[in-house]
Every structure is written in C-alpha cells, then in structure tokens.
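Engineer: Sharing work_22.cif below, mmCIF, C-alpha atoms:
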data_query
loop_
_atom_site.label_atom_id
_atom_site.label_comp_id
_atom_site.auth_asym_id
_atom_site.auth_seq_id
_atom_site.Cartn_x
_atom_site.Cartn_y
_atom_site.Cartn_z
CA MET A 1 132.90 -120.97 185.68
CA ASP A 2 136.60 -121.64 186.18
CA LYS A 3 139.30 -120.07 184.00
CA GLY A 4 139.96 -123.31 182.10
CA ALA A 5 136.34 -123.71 181.03
CA ALA A 6 136.11 -120.09 179.99
CA LEU A 7 139.25 -120.40 177.88
CA PHE A 8 137.87 -123.55 176.23
CA LEU A 9 134.62 -121.77 175.28
CA LEU A 10 136.58 -118.82 173.90
CA VAL A 11 138.60 -121.15 171.67
CA LEU A 12 135.40 -122.78 170.40
CA ALA A 13 133.85 -119.40 169.69
CA VAL A 14 136.90 -118.14 167.81
CA GLY A 15 137.15 -121.41 165.85
CA GLY A 16 133.45 -121.30 164.98
CA LEU A 17 133.76 -117.68 163.89
CA SER A 18 136.70 -118.60 161.70
CA ASP A 19 134.75 -121.48 160.11
CA THR A 20 131.77 -119.19 159.52
CA THR A 21 134.01 -116.53 157.96
CA ASN A 22 135.57 -119.09 155.62
CA ALA A 23 132.14 -120.45 154.66
CA LEU A 24 130.88 -116.96 153.88
CA ALA A 25 133.95 -116.26 151.76
CA GLU A 26 133.46 -119.50 149.83
CA SER A 27 129.75 -118.86 149.25
CA GLU A 28 130.53 -115.34 148.04
CA SER A 29 132.97 -116.70 145.44
CA THR A 30 130.45 -119.23 144.11
CA ARG A 31 127.40 -116.99 144.19
CA SER A 32 125.66 -116.16 140.92
CA THR A 33 125.44 -112.57 139.71
CA ILE A 34 122.52 -111.00 137.90
CA ASP A 35 122.78 -108.23 135.28
CA LYS A 36 120.32 -105.39 134.94
CA ASP A 37 118.69 -107.18 131.99
CA GLY A 38 118.07 -110.26 134.13
CA THR A 39 120.92 -112.37 132.74
CA VAL A 40 122.29 -114.73 135.38
CA HIS A 41 126.02 -115.46 135.43
CA ALA A 42 126.43 -118.70 137.35
CA ALA A 43 129.62 -119.98 138.91
CA ALA A 44 130.57 -123.60 138.38
CA PHE A 45 128.26 -126.00 140.16
CA GLU A 46 127.35 -129.69 140.20
CA ILE A 47 124.03 -131.19 139.11
CA PRO A 48 123.31 -134.68 140.40
CA PHE A 49 121.26 -137.02 138.25
CA SER A 50 117.57 -136.68 139.07
CA SER A 51 116.41 -138.69 142.07
CA LEU A 52 112.98 -138.82 140.42
CA ALA A 53 114.18 -140.70 137.33
CA SER A 54 114.56 -144.46 137.18
CA GLU A 55 117.78 -146.31 137.92
CA GLU A 56 117.65 -147.57 134.32
CA ALA A 57 117.60 -143.97 133.09
CA LYS A 58 120.59 -143.11 135.27
CA LYS A 59 122.54 -146.13 134.03
CA VAL A 60 121.80 -145.33 130.38
CA PHE A 61 122.74 -141.67 130.89
CA ILE A 62 126.12 -142.62 132.35
CA GLU A 63 126.78 -145.27 129.69
CA GLU A 64 125.93 -142.94 126.83
CA SER A 65 127.63 -139.79 128.11
CA SER A 66 130.75 -140.52 126.05
CA SER A 67 128.73 -141.23 122.90
CA MET A 68 126.82 -137.96 123.35
CA LYS A 69 130.12 -136.09 123.38
CA ALA A 70 131.27 -138.02 120.31
CA LYS A 71 128.07 -137.11 118.44
CA ALA A 72 128.50 -133.46 119.40
CA SER A 73 132.09 -133.51 118.15
CA PHE A 74 130.94 -135.22 114.94
CA ALA A 75 128.32 -132.57 114.26
CA GLU A 76 130.71 -129.76 115.20
CA GLY A 77 133.37 -131.13 112.91
CA LEU A 78 130.97 -131.43 110.01
CA SER A 79 129.57 -127.97 110.62
CA THR A 80 133.03 -126.40 110.66
CA THR A 81 133.93 -128.17 107.43
CA TYR A 82 130.75 -127.81 105.43
CA LEU A 83 128.58 -124.90 106.56
CA SER A 84 130.46 -122.08 104.85
CA THR A 85 128.58 -122.55 101.54
CA PRO A 86 125.07 -123.68 100.46
CA GLU A 87 126.65 -126.71 98.81
CA GLY A 88 128.47 -127.47 102.03
CA LEU A 89 125.25 -127.21 104.02
CA THR A 90 123.63 -129.77 101.73
CA GLU A 91 126.60 -132.10 102.14
CA PHE A 92 126.44 -131.64 105.92
CA ILE A 93 122.73 -132.62 105.95
CA LEU A 94 123.23 -135.66 103.73
CA ARG A 95 126.06 -136.95 105.93
CA TRP A 96 124.03 -136.29 109.08
CA ARG A 97 121.05 -138.03 107.47
CA LYS A 98 123.04 -141.14 106.62
CA SER A 99 124.46 -141.45 110.13
CA SER A 100 121.10 -140.87 111.84
CA ASP A 101 119.15 -143.20 109.56
CA GLU A 102 121.56 -146.06 110.24
CA GLU A 103 121.16 -145.54 113.98
CA ARG A 104 117.35 -145.38 113.83
CA LYS A 105 117.19 -148.53 111.69
CA LYS A 106 118.97 -150.48 114.42
CA ILE A 107 116.61 -149.10 117.08
CA ALA A 108 113.54 -150.04 115.03
CA GLN A 109 114.81 -153.54 114.46
CA GLU A 110 115.44 -154.03 118.18
CA MET A 111 111.98 -152.71 119.00
CA THR A 112 110.26 -155.41 116.98
CA LYS A 113 111.74 -158.00 119.36
CA ILE A 114 109.74 -156.45 122.20
CA TYR A 115 106.78 -155.17 120.23
CA PRO A 116 105.82 -157.63 117.46
CA VAL A 117 104.45 -155.82 114.41
CA THR A 118 104.36 -156.00 110.64
CA VAL A 119 105.65 -153.11 108.55
CA THR A 120 104.32 -152.73 105.02
CA PRO A 121 105.28 -149.96 102.56
CA GLU A 122 102.20 -148.37 101.02
CA VAL A 123 101.42 -145.22 99.02
CA PHE A 124 98.60 -142.91 100.14
CA GLY A 125 97.68 -139.93 98.01
CA GLY A 126 100.94 -140.25 96.10
CA VAL A 127 103.02 -140.16 99.29
CA GLN A 128 105.19 -143.05 100.47
CA THR A 129 104.34 -144.41 103.92
CA ASP A 130 104.94 -147.44 106.13
CA VAL A 131 101.86 -149.11 107.59
CA VAL A 132 102.69 -150.54 111.00
CA MET A 133 100.25 -153.17 112.33
CA PRO A 134 100.21 -155.34 115.46
CA ARG A 135 101.35 -158.83 114.45
CA ASP A 136 98.08 -160.28 115.79
CA GLY A 137 96.02 -157.65 113.99
CA VAL A 138 94.17 -154.50 115.05
CA SER A 139 91.99 -154.91 118.14
CA ALA A 140 88.22 -155.00 117.70
CA GLN A 141 87.72 -151.60 119.33
CA ASN A 142 90.22 -150.00 116.94
CA GLU A 143 88.95 -151.40 113.65
CA ASN A 144 87.59 -147.99 112.65
CA ARG A 145 90.52 -145.98 114.03
CA VAL A 146 93.91 -145.10 112.59
CA LEU A 147 96.90 -143.04 113.70
CA ILE A 148 99.24 -140.99 111.52
CA ASN A 149 102.81 -140.66 112.81
CA LEU A 150 105.02 -137.84 111.54
CA HIS A 151 108.68 -138.62 112.13
CA GLY A 152 111.25 -136.37 113.73
CA GLY A 153 114.66 -135.46 112.39
CA GLY A 154 114.47 -131.70 111.97
CA MET A 155 112.75 -132.14 108.60
CA ILE A 156 116.12 -133.07 107.12
CA PHE A 157 116.37 -136.76 108.06
CA GLY A 158 114.28 -139.56 109.60
CA ALA A 159 112.46 -141.13 106.64
CA ARG A 160 111.23 -144.67 107.27
CA TYR A 161 113.09 -145.73 110.40
CA GLU A 162 112.69 -142.63 112.57
CA GLY A 163 108.97 -142.94 111.96
CA GLN A 164 108.97 -146.66 112.71
CA VAL A 165 110.65 -146.07 116.08
CA MET A 166 107.61 -144.13 117.31
CA SER A 167 105.08 -146.28 115.44
CA ILE A 168 106.11 -149.80 116.48
CA PRO A 169 105.44 -149.55 120.23
CA ILE A 170 102.21 -147.58 119.82
CA ALA A 171 100.81 -150.01 117.26
CA SER A 172 101.71 -153.00 119.43
CA VAL A 173 100.64 -151.64 122.82
CA GLY A 174 97.45 -150.05 121.50
CA GLY A 175 96.38 -152.69 119.01
CA LEU A 176 96.26 -149.88 116.43
CA LYS A 177 97.12 -149.30 112.80
CA VAL A 178 99.77 -146.60 112.57
CA ILE A 179 100.78 -144.99 109.29
CA THR A 180 104.14 -143.24 109.33
CA VAL A 181 104.56 -140.65 106.58
CA ASP A 182 107.77 -140.15 104.58
CA TYR A 183 107.07 -136.51 103.88
CA ARG A 184 109.41 -134.44 101.69
CA MET A 185 112.34 -132.86 103.51
CA ALA A 186 115.09 -130.27 103.11
CA PRO A 187 117.48 -129.66 101.46
CA GLU A 188 115.65 -131.16 98.48
CA HIS A 189 112.34 -129.50 99.39
CA ARG A 190 111.04 -126.48 101.27
CA PHE A 191 107.86 -125.48 103.11
CA PRO A 192 105.02 -126.28 102.49
CA ALA A 193 106.06 -129.61 100.92
CA ALA A 194 105.77 -131.56 104.20
CA SER A 195 102.36 -130.08 105.05
CA GLU A 196 101.12 -130.90 101.55
CA ASP A 197 102.23 -134.52 101.93
CA VAL A 198 100.53 -134.94 105.31
CA ALA A 199 97.34 -133.42 103.88
CA ALA A 200 97.48 -135.81 100.90
CA VAL A 201 97.74 -138.85 103.18
CA TYR A 202 95.04 -137.50 105.48
CA ALA A 203 92.66 -136.80 102.58
CA GLU A 204 93.14 -140.35 101.32
CA LEU A 205 92.42 -141.79 104.76
CA LEU A 206 89.25 -139.70 105.02
CA LYS A 207 87.83 -141.91 102.27
CA ARG A 208 88.06 -144.85 104.69
CA TYR A 209 87.81 -143.30 108.16
CA ARG A 210 85.70 -140.62 109.83
CA PRO A 211 87.87 -137.62 110.86
CA GLU A 212 87.10 -138.09 114.56
CA ASN A 213 88.56 -141.61 114.28
CA ILE A 214 91.92 -140.35 112.99
CA GLY A 215 94.72 -139.30 115.33
CA ILE A 216 97.99 -137.62 114.42
CA TYR A 217 101.17 -137.42 116.46
CA GLY A 218 104.87 -136.79 116.05
CA CYS A 219 108.07 -136.40 118.04
CA SER A 220 110.41 -133.41 117.73
CA ALA A 221 110.07 -132.05 114.17
CA GLY A 222 107.14 -134.45 113.83
CA GLY A 223 105.39 -132.61 116.65
CA TYR A 224 106.06 -129.33 114.87
CA LEU A 225 104.65 -130.75 111.63
CA THR A 226 101.60 -132.09 113.46
CA ALA A 227 100.64 -128.56 114.48
CA GLN A 228 101.50 -127.15 111.04
CA SER A 229 99.27 -129.78 109.46
CA LEU A 230 96.32 -128.76 111.64
CA ALA A 231 96.71 -125.18 110.44
CA TRP A 232 97.00 -126.42 106.86
CA PHE A 233 93.79 -128.47 107.20
CA GLN A 234 91.93 -125.38 108.41
CA VAL A 235 92.96 -123.28 105.42
CA HIS A 236 92.25 -126.09 102.94
CA ASN A 237 88.87 -127.07 104.36
CA LEU A 238 89.84 -130.48 105.65
CA PRO A 239 88.02 -131.59 108.82
CA ARG A 240 90.09 -131.65 111.96
CA PRO A 241 91.16 -135.04 113.32
CA GLY A 242 89.93 -136.50 116.58
CA ALA A 243 93.08 -135.83 118.61
CA VAL A 244 96.80 -135.08 118.24
CA GLY A 245 100.01 -135.63 120.16
CA ILE A 246 102.98 -133.22 120.17
CA LEU A 247 106.01 -134.96 121.63
CA CYS A 248 109.46 -133.49 122.36
CA PHE A 249 108.54 -130.15 120.87
CA GLY A 250 107.34 -126.70 121.88
CA TRP A 251 107.46 -123.20 120.48
CA GLY A 252 109.70 -120.58 122.03
CA GLY A 253 112.98 -120.62 123.94
CA GLY A 254 112.78 -120.24 127.71
CA ASP A 255 115.02 -121.57 130.45
CA SER A 256 115.36 -125.11 129.14
CA SER A 257 116.82 -123.92 125.84
CA TYR A 258 119.90 -122.91 127.83
CA VAL A 259 119.93 -125.43 130.66
CA ALA A 260 119.41 -128.64 128.66
CA SER A 261 122.82 -128.39 127.00
CA VAL A 262 124.57 -128.43 130.38
CA LEU A 263 122.36 -131.24 131.73
CA SER A 264 123.23 -133.34 128.69
CA GLY A 265 126.95 -132.99 129.32
CA GLY A 266 127.56 -130.09 126.95
CA ALA A 267 129.14 -126.71 127.53
CA ALA A 268 127.18 -123.89 129.11
CA PRO A 269 125.72 -122.04 126.09
CA THR A 270 126.00 -118.30 125.57
CA GLU A 271 123.11 -118.56 123.10
CA PRO A 272 119.89 -120.59 123.39
CA ARG A 273 120.27 -124.17 122.21
CA MET A 274 117.77 -123.36 119.46
CA SER A 275 119.57 -120.17 118.42
CA SER A 276 120.01 -119.53 114.69
CA LYS A 277 123.71 -119.05 115.48
CA ASN A 278 123.94 -122.76 116.21
CA PRO A 279 125.13 -124.35 112.93
CA ALA A 280 123.07 -127.50 113.44
CA ILE A 281 119.96 -125.38 113.96
CA ARG A 282 120.68 -123.60 110.68
CA ALA A 283 120.45 -126.97 108.98
CA LEU A 284 117.34 -127.96 110.92
CA GLY A 285 115.62 -124.69 110.02
CA LEU A 286 116.32 -125.01 106.32
CA CYS A 287 112.89 -126.43 105.42
CA ALA A 288 111.12 -123.22 106.50
CA SER A 289 113.99 -120.88 105.71
CA GLN A 290 112.14 -119.17 102.86
CA ALA A 291 108.80 -118.91 104.70
CA ASN A 292 107.36 -116.11 106.83
CA PRO A 293 107.86 -117.13 110.49
CA ARG A 294 104.71 -115.20 111.44
CA ASP A 295 102.55 -117.16 109.01
CA PRO A 296 100.26 -119.43 111.08
CA LEU A 297 100.89 -122.16 108.52
CA VAL A 298 104.55 -122.00 109.56
CA ASN A 299 104.04 -121.15 113.23
CA PRO A 300 100.52 -122.05 114.39
CA MET A 301 101.26 -120.57 117.83
CA SER A 302 101.24 -117.11 116.25
CA SER A 303 97.45 -117.25 115.79
CA THR A 304 94.97 -117.68 118.64
CA ALA A 305 92.23 -118.24 116.05
CA VAL A 306 94.14 -121.22 114.61
CA LEU A 307 94.90 -122.63 118.06
CA ALA A 308 91.24 -122.39 119.11
CA LYS A 309 90.36 -124.92 116.41
CA PHE A 310 92.85 -127.55 117.57
CA PRO A 311 91.39 -130.89 118.69
CA SER A 312 92.32 -132.45 122.05
CA THR A 313 96.12 -132.21 122.25
CA LEU A 314 98.68 -134.21 124.22
CA PHE A 315 102.09 -132.71 125.05
CA ILE A 316 104.90 -134.99 126.23
CA ASN A 317 108.33 -133.67 127.21
CA SER A 318 111.12 -133.93 129.77
CA THR A 319 113.21 -131.67 131.96
CA ARG A 320 116.50 -132.21 130.11
CA ASP A 321 114.97 -131.43 126.73
CA GLY A 322 115.83 -128.00 125.37
CA MET A 323 112.23 -127.73 124.16
CA MET A 324 110.60 -128.32 127.54
CA SER A 325 109.97 -124.64 128.25
CA GLY A 326 108.44 -124.28 124.80
CA ALA A 327 106.17 -127.26 125.44
CA ILE A 328 104.98 -125.78 128.74
CA HIS A 329 104.32 -122.45 127.05
CA SER A 330 102.56 -124.06 124.06
CA HIS A 331 100.33 -126.14 126.32
CA LEU A 332 99.33 -122.99 128.21
CA GLN A 333 98.50 -121.15 124.97
CA LEU A 334 96.14 -123.96 123.94
CA ILE A 335 94.49 -123.96 127.36
CA LYS A 336 93.99 -120.19 127.09
CA ALA A 337 92.47 -120.72 123.64
CA GLY A 338 89.90 -123.11 125.15
CA VAL A 339 91.42 -126.34 123.84
CA ASP A 340 91.40 -129.58 125.83
CA ALA A 341 95.14 -130.09 126.28
CA GLU A 342 97.24 -132.33 128.52
CA LEU A 343 100.91 -131.98 129.45
CA TYR A 344 103.18 -134.72 130.86
CA LEU A 345 106.80 -134.12 131.89
CA TRP A 346 109.42 -136.65 132.97
CA ASP A 347 112.21 -135.53 135.26
CA GLY A 348 115.85 -136.18 134.37
CA LEU A 349 115.21 -137.42 130.84
CA GLY A 350 116.46 -135.86 127.59
CA HIS A 351 115.11 -135.18 124.13
CA ALA A 352 113.14 -138.05 122.57
CA PHE A 353 113.94 -140.32 125.52
CA MET A 354 111.01 -142.58 124.60
CA TYR A 355 113.01 -143.98 121.68
CA ASP A 356 114.86 -146.12 124.24
CA THR A 357 112.80 -149.16 125.30
CA ARG A 358 115.23 -149.90 128.15
CA LEU A 359 113.67 -147.05 130.12
CA PRO A 360 110.52 -147.68 132.18
CA GLU A 361 109.64 -144.06 131.46
CA SER A 362 109.39 -144.94 127.75
CA HIS A 363 106.81 -147.61 128.47
CA GLU A 364 104.89 -145.07 130.56
CA VAL A 365 104.83 -142.78 127.53
CA TYR A 366 103.49 -145.53 125.23
CA ASN A 367 100.69 -146.36 127.67
CA ILE A 368 99.73 -142.72 128.20
CA MET A 369 99.60 -142.11 124.45
CA VAL A 370 97.45 -145.19 123.84
CA LYS A 371 95.04 -144.19 126.63
CA PHE A 372 94.86 -140.62 125.34
CA PHE A 373 93.92 -141.64 121.81
CA ASP A 374 91.54 -144.31 123.10
CA LYS A 375 89.79 -141.63 125.14
CA HIS A 376 89.49 -139.05 122.38
CA LEU A 377 89.15 -140.90 119.08
CA GLY A 378 85.65 -141.76 117.96
CA HIS A 379 83.99 -138.72 119.46
CA GLU A 380 82.30 -136.16 117.23
CA ALA A 381 84.57 -133.16 116.79
CA ASN A 382 83.27 -129.73 117.73
CA HIS A 383 83.85 -127.25 114.94
#
Could I get this file's structure written as structure tokens?
Structural biologist:
Amino acid sequence: MDKGAALFLLVLAVGGLSDTTNALAESESTRSTIDKDGTVHAAAFEIPFSSLASEEAKKVFIEESSSMKAKASFAEGLSTTYLSTPEGLTEFILRWRKSSDEERKKIAQEMTKIYPVTVTPEVFGGVQTDVVMPRDGVSAQNENRVLINLHGGGMIFGARYEGQVMSIPIASVGGLKVITVDYRMAPEHRFPAASEDVAAVYAELLKRYRPENIGIYGCSAGGYLTAQSLAWFQVHNLPRPGAVGILCFGWGGGDSSYVASVLSGGAAPTEPRMSSKNPAIRALGLCASQANPRDPLVNPMSSTAVLAKFPSTLFINSTRDGMMSGAIHSHLQLIKAGVDAELYLWDGLGHAFMYDTRLPESHEVYNIMVKFFDKHLGHEANH
C-alpha cells in the first residue's frame, strides 16, 4: 500500500471514530434513567402516529389536535376556578355537562344520516330511557333479543345523547332494539343510584325477555356501570344477562394511564391520568365518593367470586386510551376466574374513538359488537 492510500484510510478511520464518539455522546444525553423504585425518567422523544391505524384516523387526529388542547384548557380553567369548594365542584360539573351534552347531540344527529333509526323516549321501571330501533324494524332473528346501553360521561354527564351515540350504530347494524338508560348521576345523586336504575330497567325487561336474550354494554363510565350492575344483580337475586360489553374502560392504572396523555398531545404526567390529584378525576369520581372502594358492588374486580359469575364479556379498547392497561388487566382477571372473555385493541386510537363514524376502525367495532351479541344471546346461562 502506498503512503497516499494509507493516509486516506487513516483519515477515514479518524473521521469514523469522531462520528461514533459524537453519536455515543448524543445517545447518552437522550438515554432514559431508571430509579431504584423502577420509575423511568425519559428524555424528550418523538412518537410518530401509528402505522397500524387508518389514514382516516391519522387525518382526524391531526385535525382535532388543536381542539383537544382547547378542551384541556377549558377543563383546566374551570377546575382552577371552581374546584376549591363543594359548590364550585357542582358548578364545574354542570358547566362540563352542558358543553359535553351539546357536542354529543350533534354527533348523534349526524349518526342518524348514516345509520337510520327511530328514537323513542320510554319509561321502564320508573327510569327514563330512549328506545333506539332500526328504521326498518328489528330483524326476525332478534325479535326476542334486546340490548341495554349504559352511557359514558363519568357518571356526571351523558344523559340521552351520549347513550344514543353508542346505541344508534349498534341498533342499525345489528337490526336490534337498544334501550339506553338515563340513570341518575352526580352531583345530584350518589352510589348506588345508578345501579338501582339499571336494575329497575332490567327487572322490567325480564317481564318481556328471557335473561339469556338480554345483553348489556357501555362505554367508559358505562362500561364501569355495566360491571357494577352485574354485581348488583347477584346480590339482589336477579338472573345474569346473556352477555355484556365493557368498552373504553378497565380497572387499575398501569402504563397507559401515564402514556396516553402524551400520545393525545398533552404534557407528560407526573401522576397517573386517573390519579385523584387530577381535578377532572375528582369530579368524575364524585358518584362513588362516599362508597367503600373495596365493596364489590363498587369495584367488582375486588372479588373473584363476583367475577366468576360474569356472563361472556367483551372488552374493547385502544392503545392511546389511558384505560387500556386496566382493560388488559381486567380481561385477564375474568379469564383467570373462568369467564369466557374477549379483548380487542386498536392501535393508535384514543378514548371512545368509536364515537367517530369517519373512522373505519369505528365500523369494525360496531360489527364486532353485533357479532359478539349474536353469538352469545339466546343461549342458556350457566349459573
């Protein structure tokens, strides 16, 4: 090798070593650290939108990122102003309720353009409900079946329209009658008011339908109330329904209770998203604030004996939902208790994503729910 070639290789080697040294220095500065208790302190990093989600989901996420920040600022502003006193907390909830109900009403009205239904107010067992029916009537195979939908909204808002949002597509796609329950909520009422209302509607429907032909489902707080209602039925000697669906909800914290805030465009939390230190969560937890959290009627996951009596259960959640980890954990607890349970997760989607009919993932959810209830309703329950 001549001297010129040797010098050229030496320059390359030195340059490569320099690049490697710089890369190592950069990686060291961005590397996460882990405390003795397992807490991870992560340096700033970028999270691309999921390559597994639809292009429609990506477009909607980008379009709504500014509105998500506005909603967070709205809630933060209200919480700062009103949460210092019980009276302020009530005012905060009522304002939040008004804003949310107006938004859900618009969504429900838009849904009827895609999913033609009729919505009829009706009282069952002294409880106000909306009966949602396919415009062309219930299909022949579903004449003896009915679904109960328990709306979300943290048990502080969501009456009527929140329930309709998750009733309209299921009724239309499945050719089913869906009854959405306007159960009593906080701050006007406390636990067990909501469970009592669901039981009253259920007991009235038992006069017309066999229990194995009745399904119950709910999203978010509605999923929580679905499980609470099953525990309530057990204690009050009501037969268990044929199947249930728990959407956008799960018990416990876990990784997603921290990560989901960041993935939704929020700040990295120093407390779990569902922490009692979060002012919005204080409002959402008001309904059960005077109850024993270890009571299986409040937290069914606290009792293996209660879980073992659950009917077939469907869990639906998504990776950018703060409750995803809880849903995974809850599904596992039911499996361990010997219950037939199914879990479906969608990547890149947030809490209650199935409210948005623009997303193909939402239509997947509707079809999966309809197939699940079609499979399980009408079969004799094992007690």
Engineer: Considering all atoms listed in the file, state which residue in the set A:Ala341, A:Val123, A:Cys248, A:Leu314 is at the smallest distance from A:Asp197.
Structural biologist: A:Val123
Engineer: Expressed in Å to a single decimal, how great is the separation between atom CA of A:Arg135 and atom CA of A:Asn367?
Structural biologist: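 These two atoms are separated by 18.2 Å.
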Engineer: Nearest to A:Lys375: which of A:Asp347, A:Glu55, A:Glu212, A:Glu361 is it, counting all atoms listed in the file?
Structural biologist: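 Of A:Asp347, A:Glu55, A:Glu212, A:Glu361, the one nearest A:Lys375, counting all atoms listed in the file, is A:Glu212.
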Engineer: Restricting the calculation to all atoms listed in the file: of A:Ala171, A:Ala194, A:Ala337, A:Leu176, which residue gets closest to A:Thr112?
Structural biologist: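 Result for the nearest residue to A:Thr112: A:Ala171.
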Engineer: In Å, rounded to a single decimal, give me how far atom CA of A:Glu56 is from atom CA of A:Glu364.
Structural biologist: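 The value is 13.5 Å.
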Engineer: So which residues touch A:Tyr224 within 9 Å, counting all atoms listed in the file, skipping near sequence neighbours fewer than 2 positions away, as a PyMOL selection string?
Structural biologist: chain A and resi 152+218-222+226-229+246-247+249-251+299
Engineer: Considering all atoms listed in the file, return as a compact mmCIF listing (two decimals) with C-alpha atoms, keeping the file's coordinate frame whatever protein or nucleic-acid residues lie within 7 Å of A:Val178, sequence-local ones (same chain, fewer than 2 positions apart) excluded.
Structural biologist:
# COMPACT_ATOMS: atom_id res chain seq x y z
CA VAL A 131 101.86 -149.11 107.59
CA VAL A 132 102.69 -150.54 111.00
CA MET A 133 100.25 -153.17 112.33
CA VAL A 146 93.91 -145.10 112.59
CA LEU A 147 96.90 -143.04 113.70
CA ILE A 148 99.24 -140.99 111.52
CA ASN A 149 102.81 -140.66 112.81
CA SER A 167 105.08 -146.28 115.44
CA ALA A 171 100.81 -150.01 117.26
CA LEU A 176 96.26 -149.88 116.43
CA THR A 180 104.14 -143.24 109.33
Engineer: Taking the file as shown, what set of residues would the PyMOL selection byres ((chain A and resi 199-211) around 8) give back, as number ranges by chain?
Structural biologist: A: 124-127, 144-146, 181, 195-198, 212-214, 229, 232-233, 238-242
Engineer: Can you tell me how far atom CA of A:Phe372 sits from atom CA of A:Ser312, in Å to one decimal?
Structural biologist: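 Atom-to-atom, atom CA of A:Phe372 to atom CA of A:Ser312, that is 9.2 Å.
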Engineer: Can you list, as an NGL selection string, the residues that the PyMOL selection byres ((chain A and resi 373) around 9) selects here?
Structural biologist: :A and (147 or 215 or 242-245 or 368-372 or 374-377)
Engineer: Neighbours of A:His331 within 8 Å (all atoms listed in the file; same-chain residues fewer than 4 positions away dropped), as a PyMOL selection string?
Structural biologist: chain A and resi 315+327+335+341-343
Engineer: Give the answer as one residue: which of A:Arg320, A:Arg294, A:Lys59, A:Arg160 has the shortest atom-to-atom distance to A:Asp101, using all atoms listed in the file?
Structural biologist: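 Closest to A:Asp101 of all the choices is A:Arg160.
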Engineer: Point out the residue among A:Val173, A:Val262, A:Ile156, A:Ala57 with the least atom-to-atom distance to A:Met354, counting only C-alpha atoms.
Structural biologist: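 Closest candidate: A:Ala57.
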Engineer: Name the residues in contact with A:Ile168 at a cut-off of 8 Å, using only C-alpha atoms, excluding same-chain residues fewer than 4 positions from it; report them as a ChimeraX atom specification.
Structural biologist: /A:108,111-112,115-117,132-133,164,172
Engineer: Go through A:Phe191, A:Ala159, A:His236, A:Ile179 one by one, measure the shortest atom-to-atom distance of each to A:Ser100 using only C-alpha atoms, and give the residue with the smallest value.
Structural biologist: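 Checking each of A:Phe191, A:Ala159, A:His236, A:Ile179 against A:Ser100, counting only C-alpha atoms, the winner is A:Ala159.
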